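Novice: Below is structure25.cif; it holds mmCIF, C-alpha atoms and all ligand atoms.
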data_target
#
loop_
_atom_site.label_atom_id
_atom_site.label_comp_id
_atom_site.auth_asym_id
_atom_site.auth_seq_id
_atom_site.Cartn_x
_atom_site.Cartn_y
_atom_site.Cartn_z
CA MET A 11 152.26 88.76 -99.95
CA THR A 12 151.56 85.90 -97.69
CA GLY A 13 152.46 83.89 -94.66
CA GLY A 14 152.03 80.21 -95.38
CA ALA A 15 151.80 79.93 -99.18
CA GLU A 16 155.12 78.07 -99.50
CA ALA A 17 154.26 75.66 -96.68
CA PHE A 18 151.15 74.52 -98.55
CA ALA A 19 152.43 74.60 -102.12
CA ASP A 20 151.46 70.92 -102.53
CA LEU A 21 147.80 71.75 -101.88
CA GLU A 22 147.81 74.82 -104.10
CA ALA A 23 149.05 72.53 -106.87
CA ARG A 24 145.83 70.51 -106.39
CA ARG A 25 143.73 73.35 -107.78
CA GLY A 26 144.17 71.87 -111.23
CA ASP A 27 142.19 68.80 -110.11
CA PHE A 28 139.03 70.92 -109.79
CA PRO A 29 137.66 71.94 -113.21
CA ALA A 30 135.09 74.39 -111.79
CA LEU A 31 137.87 76.52 -110.30
CA ASP A 32 139.31 77.12 -113.73
CA GLN A 33 136.90 79.77 -114.93
CA GLU A 34 136.29 83.48 -114.92
CA VAL A 35 133.27 84.98 -113.18
CA ASN A 36 132.30 88.52 -114.09
CA GLY A 37 135.60 89.02 -115.86
CA ASN A 38 137.79 87.81 -112.99
CA ARG A 39 139.32 84.52 -112.06
CA LEU A 40 136.86 82.73 -109.76
CA VAL A 41 137.74 82.87 -106.06
CA TYR A 42 135.46 80.24 -104.55
CA LEU A 43 134.99 80.87 -100.82
CA ASP A 44 131.64 79.16 -100.25
CA ASN A 45 132.93 75.73 -99.32
CA ALA A 46 130.92 75.41 -96.11
CA ALA A 47 127.81 75.42 -98.30
CA THR A 48 129.26 72.94 -100.78
CA SER A 49 132.76 72.15 -102.00
CA GLN A 50 133.92 71.86 -105.59
CA LYS A 51 134.52 68.35 -106.99
CA PRO A 52 137.81 66.96 -108.25
CA ARG A 53 137.99 65.34 -111.67
CA ALA A 54 138.46 61.93 -109.99
CA VAL A 55 134.97 62.17 -108.49
CA ILE A 56 133.29 63.57 -111.59
CA GLU A 57 134.87 60.84 -113.70
CA GLU A 58 133.90 58.07 -111.31
CA VAL A 59 130.23 59.10 -111.45
CA ARG A 60 130.44 59.30 -115.23
CA ARG A 61 132.21 55.93 -115.42
CA PHE A 62 129.46 54.35 -113.31
CA TYR A 63 126.75 55.62 -115.66
CA GLU A 64 128.71 54.69 -118.78
CA ARG A 65 129.67 51.15 -117.71
CA ASP A 66 128.09 49.82 -114.50
CA ASN A 67 124.69 51.49 -114.34
CA SER A 68 122.17 49.07 -112.87
CA ASN A 69 120.08 48.76 -109.74
CA VAL A 70 121.67 47.20 -106.66
CA HIS A 71 121.09 44.08 -104.56
CA ARG A 72 118.39 42.08 -106.35
CA GLY A 73 119.96 41.52 -109.72
CA VAL A 74 122.04 38.57 -110.83
CA HIS A 75 123.33 39.96 -114.11
CA GLU A 76 126.83 41.36 -114.51
CA LEU A 77 125.99 45.05 -114.38
CA SER A 78 123.87 44.60 -111.27
CA ASN A 79 126.71 42.71 -109.63
CA ARG A 80 129.11 45.53 -110.42
CA ALA A 81 126.69 48.15 -109.09
CA THR A 82 126.13 46.12 -105.90
CA LEU A 83 129.83 45.47 -105.36
CA GLY A 84 130.64 49.16 -105.87
CA PHE A 85 127.80 50.30 -103.62
CA GLU A 86 128.69 47.93 -100.78
CA GLY A 87 132.38 48.67 -101.35
CA ALA A 88 131.61 52.35 -100.76
CA ARG A 89 129.90 51.39 -97.50
CA ARG A 90 133.03 49.51 -96.38
CA ARG A 91 135.18 52.46 -97.41
CA ALA A 92 132.97 54.86 -95.42
CA ALA A 93 133.28 52.61 -92.35
CA GLU A 94 137.04 52.71 -92.69
CA PHE A 95 137.00 56.49 -93.35
CA ILE A 96 135.38 57.22 -89.97
CA GLY A 97 136.69 54.28 -87.96
CA ALA A 98 133.38 52.41 -87.60
CA ALA A 99 133.63 48.87 -86.26
CA THR A 100 131.65 47.33 -89.14
CA PRO A 101 130.07 48.41 -92.46
CA GLU A 102 126.67 47.49 -90.97
CA GLU A 103 126.96 50.66 -88.90
CA ILE A 104 126.99 52.80 -92.06
CA ILE A 105 123.66 53.95 -93.48
CA PHE A 106 123.52 55.78 -96.79
CA THR A 107 121.38 58.91 -96.61
CA ARG A 108 120.82 62.01 -98.72
CA GLY A 109 123.06 63.98 -96.37
CA THR A 110 123.45 65.28 -92.83
CA THR A 111 119.88 66.57 -92.68
CA GLU A 112 118.39 63.20 -93.54
CA GLY A 113 120.74 61.39 -91.15
CA ILE A 114 119.60 63.52 -88.21
CA ASN A 115 115.93 63.21 -89.22
CA LEU A 116 116.41 59.46 -89.36
CA VAL A 117 117.71 59.34 -85.78
CA ALA A 118 114.92 61.67 -84.61
CA ALA A 119 112.21 59.54 -86.21
CA ALA A 120 113.57 56.03 -85.83
CA TRP A 121 115.47 56.20 -82.54
CA ALA A 122 114.00 59.11 -80.58
CA GLY A 123 110.50 58.54 -81.96
CA ARG A 124 110.56 55.07 -80.49
CA HIS A 125 112.42 55.62 -77.23
CA LEU A 126 111.50 59.12 -75.97
CA ARG A 127 108.52 59.67 -73.68
CA PRO A 128 106.61 62.80 -72.57
CA GLY A 129 108.79 64.97 -70.35
CA ASP A 130 112.09 63.49 -71.63
CA ARG A 131 114.82 66.04 -72.31
CA ILE A 132 116.97 66.64 -75.39
CA LEU A 133 120.11 68.75 -74.99
CA LEU A 134 121.40 70.74 -77.98
CA THR A 135 123.68 73.77 -78.25
CA GLU A 136 122.81 77.30 -79.31
CA MET A 137 125.09 77.02 -82.33
CA GLU A 138 123.30 74.16 -84.09
CA HIS A 139 122.45 74.35 -87.77
CA HIS A 140 118.69 74.21 -88.38
CA SER A 141 119.27 70.60 -89.48
CA ASN A 142 120.24 69.72 -85.93
CA LEU A 143 117.47 71.74 -84.34
CA VAL A 144 114.24 71.57 -86.35
CA PRO A 145 114.08 67.73 -86.49
CA TRP A 146 114.28 67.72 -82.66
CA GLN A 147 111.56 70.38 -82.42
CA ILE A 148 109.27 68.26 -84.62
CA LEU A 149 110.07 65.14 -82.61
CA ALA A 150 109.65 66.94 -79.26
CA ALA A 151 106.22 68.21 -80.29
CA ARG A 152 105.25 64.70 -81.36
CA VAL A 153 106.31 62.85 -78.21
CA GLY A 154 106.00 65.66 -75.65
CA ALA A 155 109.76 65.97 -75.01
CA GLU A 156 111.58 69.16 -74.00
CA ILE A 157 114.64 70.80 -75.55
CA GLU A 158 117.38 72.63 -73.67
CA PHE A 159 120.48 74.38 -74.95
CA VAL A 160 124.12 74.72 -74.01
CA PRO A 161 124.75 78.48 -74.30
CA VAL A 162 127.25 80.17 -76.61
CA VAL A 163 129.30 82.97 -75.08
CA GLY A 164 130.10 86.28 -76.79
CA ASP A 165 131.51 86.98 -80.24
CA GLU A 166 134.23 84.37 -79.62
CA GLY A 167 131.46 81.79 -80.10
CA LEU A 168 132.60 79.12 -77.66
CA LEU A 169 130.22 76.86 -75.76
CA ASP A 170 129.76 77.72 -72.10
CA LEU A 171 130.44 74.32 -70.61
CA SER A 172 130.40 75.41 -66.97
CA GLY A 173 126.98 73.90 -66.30
CA PHE A 174 127.23 71.09 -68.83
CA ASP A 175 127.17 68.13 -66.45
CA ALA A 176 124.14 69.47 -64.61
CA ARG A 177 122.37 70.17 -67.92
CA VAL A 178 123.08 66.79 -69.46
CA ARG A 179 122.15 64.85 -66.32
CA GLY A 180 118.83 63.16 -67.04
CA ALA A 181 118.81 64.16 -70.75
CA ARG A 182 118.00 61.28 -73.09
CA LEU A 183 119.91 62.72 -76.02
CA PHE A 184 122.74 65.18 -76.56
CA ALA A 185 123.29 66.41 -80.14
CA CYS A 186 126.07 68.81 -81.06
CA THR A 187 127.87 70.08 -84.11
CA HIS A 188 131.55 69.21 -84.40
CA ILE A 189 132.41 72.42 -86.28
CA SER A 190 130.07 75.40 -86.37
CA ASN A 191 129.22 76.38 -89.94
CA ALA A 192 128.47 79.92 -88.76
CA LEU A 193 131.34 80.63 -86.34
CA GLY A 194 134.12 78.20 -87.20
CA THR A 195 134.18 76.98 -83.59
CA ILE A 196 135.63 73.49 -83.16
CA ASN A 197 133.75 71.84 -80.33
CA PRO A 198 135.46 69.29 -78.03
CA VAL A 199 133.07 66.53 -79.14
CA LYS A 200 135.13 63.70 -77.66
CA GLU A 201 134.94 65.21 -74.19
CA LEU A 202 131.28 66.20 -74.59
CA CYS A 203 130.21 62.76 -75.82
CA ALA A 204 132.04 61.12 -72.91
CA ARG A 205 130.32 63.39 -70.39
CA ALA A 206 126.93 62.96 -72.09
CA ARG A 207 127.18 59.19 -72.23
CA ALA A 208 128.44 58.99 -68.64
CA ALA A 209 125.23 60.82 -67.73
CA GLY A 210 123.19 58.21 -69.61
CA ALA A 211 122.40 60.26 -72.75
CA VAL A 212 122.75 59.07 -76.32
CA ALA A 213 125.25 61.30 -78.15
CA LEU A 214 124.92 62.48 -81.75
CA VAL A 215 127.57 64.46 -83.64
CA ASP A 216 126.80 66.63 -86.66
CA ALA A 217 130.00 66.24 -88.69
CA ALA A 218 128.80 68.13 -91.78
CA GLN A 219 131.65 70.64 -91.51
CA SER A 220 134.34 68.29 -90.26
CA ALA A 221 134.10 65.04 -92.23
CA GLY A 222 136.12 66.23 -95.23
CA HIS A 223 138.31 68.64 -93.30
CA ALA A 224 139.75 66.66 -90.40
CA PRO A 225 140.54 63.09 -89.38
CA LEU A 226 137.43 61.52 -87.90
CA ASP A 227 137.16 58.39 -85.78
CA VAL A 228 133.76 57.57 -84.33
CA ARG A 229 135.17 55.17 -81.77
CA GLU A 230 137.70 57.70 -80.58
CA ILE A 231 135.03 60.42 -80.40
CA GLY A 232 132.82 57.92 -78.59
CA CYS A 233 129.55 59.03 -80.18
CA ASP A 234 126.46 56.89 -80.73
CA PHE A 235 125.49 58.59 -84.00
CA LEU A 236 127.38 60.79 -86.45
CA ALA A 237 126.05 62.33 -89.66
CA PHE A 238 127.73 63.99 -92.63
CA SER A 239 127.19 64.97 -96.28
CA GLY A 240 129.21 63.95 -99.32
CA HIS A 241 128.86 67.28 -101.12
CA LYS A 242 130.81 69.27 -98.52
CA MET A 243 133.82 66.95 -98.82
CA ALA A 244 134.52 66.85 -102.55
CA GLY A 245 131.79 64.27 -103.19
CA PRO A 246 128.51 64.46 -105.11
CA THR A 247 125.29 66.06 -103.85
CA GLY A 248 122.50 63.72 -102.78
CA ILE A 249 124.58 61.26 -100.77
CA GLY A 250 125.60 61.23 -97.13
CA ILE A 251 126.38 58.90 -94.27
CA LEU A 252 124.77 58.21 -90.95
CA TYR A 253 126.92 56.21 -88.57
CA GLY A 254 125.07 54.49 -85.74
CA ARG A 255 126.32 52.13 -83.06
CA ARG A 256 125.03 48.74 -84.03
CA GLU A 257 123.45 48.03 -80.68
CA LEU A 258 121.27 51.13 -81.09
CA LEU A 259 120.51 50.54 -84.75
CA GLU A 260 119.17 47.09 -83.86
CA LYS A 261 116.68 48.67 -81.46
CA MET A 262 115.34 51.25 -83.91
CA ASP A 263 112.21 51.36 -86.01
CA PRO A 264 112.57 51.58 -89.77
CA TYR A 265 112.73 55.14 -91.10
CA GLN A 266 110.76 54.69 -94.30
CA GLY A 267 108.94 51.67 -95.73
CA GLY A 268 109.32 50.25 -99.23
CA GLY A 269 111.55 48.03 -101.29
CA GLU A 270 115.06 47.05 -100.14
CA MET A 271 114.28 47.39 -96.40
CA ILE A 272 112.29 44.19 -95.90
CA SER A 273 113.07 40.51 -95.44
CA SER A 274 109.50 39.34 -96.15
CA VAL A 275 106.22 41.06 -96.97
CA HIS A 276 102.66 39.80 -96.51
CA PHE A 277 99.41 41.62 -97.19
CA GLU A 278 98.93 42.17 -93.48
CA HIS A 279 102.47 42.71 -92.16
CA SER A 280 106.16 42.65 -93.02
CA ALA A 281 109.50 41.79 -91.47
CA TRP A 282 112.50 44.09 -91.75
CA ALA A 283 115.85 43.44 -93.38
CA PRO A 284 118.86 43.42 -91.05
CA VAL A 285 120.74 46.69 -90.44
CA PRO A 286 121.74 48.77 -92.30
CA HIS A 287 119.31 47.83 -95.10
CA LYS A 288 116.33 48.26 -92.74
CA PHE A 289 116.98 52.01 -93.03
CA GLU A 290 117.50 52.21 -96.79
CA ALA A 291 114.07 51.95 -98.42
CA GLY A 292 113.93 52.34 -102.19
CA THR A 293 116.61 52.66 -104.82
CA PRO A 294 119.56 54.48 -103.25
CA ASP A 295 121.87 57.07 -104.82
CA ILE A 296 124.15 54.46 -106.37
CA SER A 297 126.25 56.79 -108.49
CA GLY A 298 126.54 59.04 -105.44
CA ALA A 299 128.02 56.19 -103.42
CA PHE A 300 130.58 55.53 -106.17
CA GLY A 301 131.41 59.24 -106.26
CA LEU A 302 131.63 59.46 -102.48
CA ARG A 303 134.12 56.62 -102.39
CA ALA A 304 136.24 58.42 -104.97
CA ALA A 305 136.07 61.57 -102.83
CA MET A 306 137.21 59.69 -99.72
CA ASP A 307 140.12 58.19 -101.67
CA TYR A 308 141.01 61.62 -103.03
CA LEU A 309 141.03 63.25 -99.59
CA ASP A 310 143.00 60.43 -97.99
CA ALA A 311 145.61 60.53 -100.75
CA ILE A 312 146.29 64.10 -99.61
CA GLY A 313 145.79 63.34 -95.92
CA ARG A 314 143.09 64.83 -93.73
CA GLU A 315 145.68 66.02 -91.18
CA ARG A 316 147.25 68.04 -93.95
CA ILE A 317 143.92 69.46 -95.12
CA MET A 318 143.09 70.45 -91.56
CA ALA A 319 146.45 72.15 -91.05
CA HIS A 320 145.92 74.10 -94.28
CA ASP A 321 142.32 75.09 -93.40
CA LEU A 322 143.40 76.30 -89.98
CA ALA A 323 146.38 78.25 -91.29
CA LEU A 324 144.25 79.90 -93.96
CA ALA A 325 141.47 80.79 -91.48
CA GLU A 326 143.96 82.24 -89.03
CA TYR A 327 145.56 84.28 -91.80
CA ALA A 328 142.15 85.46 -93.01
CA TYR A 329 141.12 86.42 -89.48
CA ALA A 330 144.28 88.53 -89.07
CA ARG A 331 143.97 90.17 -92.50
CA LEU A 332 140.27 90.95 -92.11
CA ALA A 333 140.73 92.25 -88.56
CA GLU A 334 142.79 95.11 -90.09
CA ILE A 335 139.72 96.43 -91.93
CA PRO A 336 138.18 99.39 -90.10
CA GLY A 337 134.74 98.74 -88.62
CA ILE A 338 134.68 94.98 -89.24
CA ARG A 339 133.21 92.72 -86.55
CA LEU A 340 134.59 89.20 -86.69
CA LEU A 341 132.65 86.37 -85.10
CA GLY A 342 133.96 83.10 -83.74
CA PRO A 343 137.24 82.24 -82.03
CA ALA A 344 140.35 84.27 -82.90
CA ARG A 345 142.56 81.18 -82.76
CA GLY A 346 142.02 77.46 -83.24
CA ARG A 347 139.13 78.03 -85.60
CA ALA A 348 138.09 75.82 -88.49
CA GLY A 349 138.47 76.95 -92.09
CA LEU A 350 135.94 79.73 -92.22
CA VAL A 351 135.56 83.35 -91.16
CA SER A 352 132.24 85.12 -90.50
CA PHE A 353 131.92 88.85 -90.10
CA VAL A 354 129.78 91.95 -90.26
CA LEU A 355 131.28 94.79 -92.30
CA GLY A 356 130.24 97.99 -90.52
CA ASP A 357 126.60 98.68 -91.23
CA ILE A 358 126.73 97.27 -94.76
CA HIS A 359 124.16 94.54 -95.30
CA ALA A 360 125.64 91.08 -95.76
CA HIS A 361 123.84 90.61 -99.07
CA ASP A 362 125.33 93.83 -100.43
CA VAL A 363 128.82 92.65 -99.52
CA VAL A 364 128.22 89.27 -101.18
CA MET A 365 126.75 90.87 -104.29
CA LEU A 366 129.62 93.33 -104.71
CA ALA A 367 132.22 90.61 -104.12
CA ASP A 368 130.50 88.49 -106.77
CA ARG A 369 130.92 91.33 -109.27
CA VAL A 370 134.66 90.73 -109.08
CA GLY A 371 134.38 86.93 -109.07
CA ILE A 372 134.55 86.19 -105.34
CA ALA A 373 131.92 83.70 -104.15
CA LEU A 374 130.90 84.36 -100.52
CA ARG A 375 127.72 83.64 -98.63
CA GLY A 376 125.61 86.10 -96.66
CA GLY A 377 122.65 85.51 -94.38
CA HIS A 378 121.94 83.52 -91.26
CA HIS A 379 123.62 80.35 -92.59
CA CYS A 380 120.74 78.23 -91.26
CA THR A 381 121.52 79.34 -87.71
CA GLN A 382 118.83 81.97 -87.07
CA PRO A 383 118.63 81.48 -83.28
CA LEU A 384 122.43 81.79 -82.98
CA HIS A 385 122.41 85.01 -85.01
CA ARG A 386 119.67 86.39 -82.76
CA ARG A 387 121.74 85.44 -79.72
CA LEU A 388 124.74 87.32 -81.20
CA GLY A 389 122.50 90.31 -81.93
CA VAL A 390 123.05 90.24 -85.70
CA GLU A 391 120.55 89.58 -88.41
CA SER A 392 123.01 88.30 -90.94
CA THR A 393 126.73 87.77 -91.46
CA VAL A 394 129.09 87.30 -94.39
CA ARG A 395 130.99 84.04 -94.48
CA ALA A 396 134.18 83.13 -96.33
CA SER A 397 134.81 79.39 -96.07
CA PHE A 398 137.91 77.60 -97.28
CA TYR A 399 138.93 74.22 -98.58
CA LEU A 400 142.10 72.48 -99.57
CA TYR A 401 142.43 74.34 -102.89
CA ASN A 402 142.10 77.87 -101.54
CA THR A 403 145.22 79.99 -101.41
CA PHE A 404 146.73 82.68 -99.23
CA ALA A 405 146.70 84.95 -102.29
CA GLU A 406 142.91 84.50 -102.47
CA VAL A 407 142.63 85.66 -98.87
CA ASP A 408 144.69 88.74 -99.79
CA ARG A 409 142.33 89.40 -102.67
CA LEU A 410 139.31 89.01 -100.38
CA ALA A 411 140.79 91.47 -97.87
CA ASP A 412 141.51 94.02 -100.63
CA VAL A 413 138.00 93.75 -102.08
CA LEU A 414 136.36 94.08 -98.64
CA ARG A 415 138.41 97.22 -98.02
CA GLU A 416 137.20 98.64 -101.33
CA ILE A 417 133.58 97.82 -100.48
CA ARG A 418 133.99 99.50 -97.10
CA ARG A 419 135.49 102.60 -98.72
CA TYR A 420 132.72 102.68 -101.31
CA PHE A 421 130.02 102.71 -98.61
CA SER A 422 131.73 105.28 -96.42
CA ARG A 423 131.96 107.89 -99.21
N1 LIG B 501 124.96 70.79 -90.22
C1 LIG B 501 125.90 71.72 -90.49
C2 LIG B 501 126.84 72.15 -89.42
C3 LIG B 501 125.97 72.25 -91.79
O1 LIG B 501 126.90 73.15 -92.06
C4 LIG B 501 125.08 71.80 -92.77
C5 LIG B 501 125.11 72.37 -94.18
N2 LIG B 501 125.22 73.75 -94.25
C6 LIG B 501 124.14 70.82 -92.43
C7 LIG B 501 124.12 70.35 -91.14
C8 LIG B 501 123.15 70.30 -93.42
O2 LIG B 501 123.79 69.59 -94.42
P1 LIG B 501 122.99 69.08 -95.70
O3 LIG B 501 122.28 70.29 -96.25
O4 LIG B 501 124.04 68.56 -96.62
O5 LIG B 501 122.03 68.03 -95.23
#
Please rewrite the model in this file as structure tokens.
Ligand code: PMP
Specialist:
Amino acid sequence: MTGGAEAFADLEARRGDFPALDQEVNGNRLVYLDNAATSQKPRAVIEEVRRFYERDNSNVHRGVHELSNRATLGFEGARRRAAEFIGAATPEEIIFTRGTTEGINLVAAAWAGRHLRPGDRILLTEMEHHSNLVPWQILAARVGAEIEFVPVVGDEGLLDLSGFDARVRGARLFACTHISNALGTINPVKELCARARAAGAVALVDAAQSAGHAPLDVREIGCDFLAFSGHKMAGPTGIGILYGRRELLEKMDPYQGGGEMISSVHFEHSAWAPVPHKFEAGTPDISGAFGLRAAMDYLDAIGRERIMAHDLALAEYAYARLAEIPGIRLLGPARGRAGLVSFVLGDIHAHDVVMLADRVGIALRGGHHCTQPLHRRLGVESTVRASFYLYNTFAEVDRLADVLREIRRYFSR
């Protein structure tokens, strides 16, 4: 069997915290390798959401009764916890969103929509998720801005940074994913944000794939904005965080209008609430915030350094095991990759691989993973992705490799 199983025995013991992992799918024990799409949830998170609904359920902020106080304290406590989780200077720099997608749309509408002018440039990379591409296309069409891209080189899937300084010079905004959900590439966001900001651009980091997998410190990274989703880091769906530097948040338009985001309303006009409430119109996902706080506590009790070391070891092991399969084409860096492996298995369609793996209880994902332009650039229509989290084991990687070999044999008969 395996390389590092003993070294990560403490994490493998955590599997019992995740009820959804304890089931059979199609007659086999579930092997859940679709964590880049969404992670499973530990009992601590599920129970916190349930506890909120059973004891504290009330709307936040305006109430004076006991339950409303508890809901407000918990909700604002989660904001403070999120600030601490990512090293923000103050909780006012934390905006609750529905997830990464909404966070980026918020910046596009409320910051870029106000500050960008016709002819202004936005710099992205070729490996962005559609969530960090389409909002900029919509915004660019609206204000007459232009979008340029940092290229990705070869199957290794690294950014070509040779012309970066020239490209970013004069750009108003640079937005980049921390970890590629399609390739597993870990981008040097600290260096890129420093170079972008030195050139006068505002820097946004898409941390959807990194927030629950690695230590994250917005002041160390030096970004202006950073967005992530709760559901990819052991938290509930429907809740996410947008971090924004206060100075920028103060100079932004509201994102949506409605209750909660105002200080006073007249028939003719209104005045906005201070940040961050200016950006949180309507009743927020209160139970989600409670659950997200429980997820952050859960991850930090293990240690994000430890989770990262495990993810990396597992991905490296998977890359080596899968590379032994005849005819497989692996995408993304061979070493130093995040906890996922993407590949094309000969000429077998990705959906066939995923469907056959599902028949024996292995959950994979096949398709373009919301990175169609990147797939076109790599010359593939779709790929299969196995993505790991803290509870995945080296034995599961062995099982994946065995099943992929069987699928390959089946198709080459
Ligand atoms: N960016 C990246 C890199 C992602 O992997 C994802 C989710 N696949 C998103 C953005 C979008 O996240 P959400 O759907 O939670 O808004």
Novice: Write out as JSON, numbers by chain the residues lying within 9 Å of range 43-55 of chain A, counting all atoms listed in the file and excluding same-chain residues fewer than 4 positions away.
Specialist: {"A": [24, 25, 26, 27, 28, 29, 30, 31, 59, 60, 191, 192, 218, 219, 241, 242, 243, 244, 245, 246, 247, 300, 301, 302, 303, 304, 305, 308, 349, 350, 372, 373, 374, 375, 379, 395, 396, 397, 398, 399, 402, 406]}
Novice: Set out as a Markdown table a contact list for chain A and ligand LIG 501 (chain B) with a cut-off of 9 Å, giving each residue of chain A that qualifies its closest atom pair and distance in Å to one decimal, counting all atoms listed in the file, ordered by chain and rising residue number.
Specialist:
| residue | atom | partner | partner_atom | distance |
| --- | --- | --- | --- | --- |
| A:Ala46 | CA | B:LIG501 | O1 | 6.1 |
| A:Ala47 | CA | B:LIG501 | N2 | 5.1 |
| A:Thr48 | CA | B:LIG501 | N2 | 7.7 |
| A:Arg108 | CA | B:LIG501 | O5 | 7.1 |
| A:Gly109 | CA | B:LIG501 | O5 | 4.3 |
| A:Thr110 | CA | B:LIG501 | O5 | 3.9 |
| A:Thr111 | CA | B:LIG501 | O5 | 3.6 |
| A:Glu112 | CA | B:LIG501 | O5 | 6.3 |
| A:Gly113 | CA | B:LIG501 | O5 | 7.9 |
| A:Ile114 | CA | B:LIG501 | O5 | 8.7 |
| A:Met137 | CA | B:LIG501 | C2 | 8.8 |
| A:Glu138 | CA | B:LIG501 | C2 | 6.7 |
| A:His139 | CA | B:LIG501 | N1 | 5.0 |
| A:His140 | CA | B:LIG501 | C7 | 7.2 |
| A:Ser141 | CA | B:LIG501 | C7 | 5.1 |
| A:Asn142 | CA | B:LIG501 | N1 | 6.5 |
| A:Thr187 | CA | B:LIG501 | C2 | 5.8 |
| A:His188 | CA | B:LIG501 | C2 | 7.5 |
| A:Ile189 | CA | B:LIG501 | C2 | 6.4 |
| A:Ser190 | CA | B:LIG501 | C2 | 5.5 |
| A:Asn191 | CA | B:LIG501 | O1 | 4.5 |
| A:Ala192 | CA | B:LIG501 | O1 | 7.7 |
| A:Asp216 | CA | B:LIG501 | N1 | 5.8 |
| A:Ala217 | CA | B:LIG501 | C2 | 6.7 |
| A:Ala218 | CA | B:LIG501 | C1 | 4.8 |
| A:Gln219 | CA | B:LIG501 | O1 | 5.4 |
| A:Ser220 | CA | B:LIG501 | C2 | 8.5 |
| A:Ala237 | CA | B:LIG501 | C7 | 8.4 |
| A:Phe238 | CA | B:LIG501 | O2 | 7.1 |
| A:Ser239 | CA | B:LIG501 | O4 | 4.8 |
| A:Gly240 | CA | B:LIG501 | O4 | 7.4 |
| A:His241 | CA | B:LIG501 | O4 | 6.7 |
| A:Lys242 | CA | B:LIG501 | O4 | 7.1 |
| A:Thr247 | CA | B:LIG501 | O4 | 7.8 |
| A:Gly248 | CA | B:LIG501 | O4 | 8.0 |
| A:Ile249 | CA | B:LIG501 | O4 | 8.4 |
| A:Gly250 | CA | B:LIG501 | O4 | 7.5 |
| A:His379 | CA | B:LIG501 | N2 | 7.0 |
| A:Cys380 | CA | B:LIG501 | N2 | 7.0 |
Novice: Determine the nearest neighbour of Leu183 in chain A from the options A:Thr135, A:Ser273, A:Asn197, A:Ser280, counting all atoms listed in the file.
Specialist: A:Thr135
Novice: One decimal, in Å: what's the spacing between CA of Glu34 in chain A and CA of Gly371 in chain A?
Specialist: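 For CA of Glu34 in chain A relative to CA of Gly371 in chain A, the distance reads 7.1 Å.
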Novice: Considering only C-alpha atoms, return as a list in words whatever protein or nucleic-acid residues lie within 10 Å of Gly269 in chain A, sequence-local ones (same chain, fewer than 3 positions apart) excluded.
Specialist: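 Selected residues are Gln266, Ile272, Ser273, Val275, His287, Lys288, Glu290, Ala291, Gly292 and Thr293 of chain A.
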Novice: Take every atom of range 398-416 of chain A listed in the file, pad by 4 Å on each side, and give me the axis-aligned box centre and edge lengths in Å, one decimal, as lines of an AutoDock Vina configuration file.
Specialist:
center_x = 141.5
center_y = 85.6
center_z = -100.1
size_x = 18.4
size_y = 34.2
size_z = 13.6
Novice: (112.5, 58.9, -85.9) in this file's frame - what residues fall within 12 Å of it? Use only C-alpha atoms and give the answer as a PDB file with C-alpha atoms, in the frame of the given file.
Specialist:
ATOM      1  CA  GLU A 112     118.390  63.200 -93.540  1.00  0.00           C
ATOM      2  CA  GLY A 113     120.740  61.390 -91.150  1.00  0.00           C
ATOM      3  CA  ILE A 114     119.600  63.520 -88.210  1.00  0.00           C
ATOM      4  CA  ASN A 115     115.930  63.210 -89.220  1.00  0.00           C
ATOM      5  CA  LEU A 116     116.410  59.460 -89.360  1.00  0.00           C
ATOM      6  CA  VAL A 117     117.710  59.340 -85.780  1.00  0.00           C
ATOM      7  CA  ALA A 118     114.920  61.670 -84.610  1.00  0.00           C
ATOM      8  CA  ALA A 119     112.210  59.540 -86.210  1.00  0.00           C
ATOM      9  CA  ALA A 120     113.570  56.030 -85.830  1.00  0.00           C
ATOM     10  CA  TRP A 121     115.470  56.200 -82.540  1.00  0.00           C
ATOM     11  CA  ALA A 122     114.000  59.110 -80.580  1.00  0.00           C
ATOM     12  CA  GLY A 123     110.500  58.540 -81.960  1.00  0.00           C
ATOM     13  CA  ARG A 124     110.560  55.070 -80.490  1.00  0.00           C
ATOM     14  CA  HIS A 125     112.420  55.620 -77.230  1.00  0.00           C
ATOM     15  CA  LEU A 126     111.500  59.120 -75.970  1.00  0.00           C
ATOM     16  CA  PRO A 145     114.080  67.730 -86.490  1.00  0.00           C
ATOM     17  CA  TRP A 146     114.280  67.720 -82.660  1.00  0.00           C
ATOM     18  CA  ILE A 148     109.270  68.260 -84.620  1.00  0.00           C
ATOM     19  CA  LEU A 149     110.070  65.140 -82.610  1.00  0.00           C
ATOM     20  CA  ALA A 150     109.650  66.940 -79.260  1.00  0.00           C
ATOM     21  CA  ARG A 152     105.250  64.700 -81.360  1.00  0.00           C
ATOM     22  CA  VAL A 153     106.310  62.850 -78.210  1.00  0.00           C
ATOM     23  CA  LEU A 259     120.510  50.540 -84.750  1.00  0.00           C
ATOM     24  CA  LYS A 261     116.680  48.670 -81.460  1.00  0.00           C
ATOM     25  CA  MET A 262     115.340  51.250 -83.910  1.00  0.00           C
ATOM     26  CA  ASP A 263     112.210  51.360 -86.010  1.00  0.00           C
ATOM     27  CA  PRO A 264     112.570  51.580 -89.770  1.00  0.00           C
ATOM     28  CA  TYR A 265     112.730  55.140 -91.100  1.00  0.00           C
ATOM     29  CA  GLN A 266     110.760  54.690 -94.300  1.00  0.00           C
ATOM     30  CA  PHE A 289     116.980  52.010 -93.030  1.00  0.00           C
TER      31      PHE A 289
END
Novice: So, with all atoms listed in the file as the atoms that count, which of A:Gly97, A:Gly337, A:Gly346, A:Pro128 lies closest to Ile196 in chain A?
Specialist: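 Closest to Ile196 in chain A of all the choices is A:Gly346.
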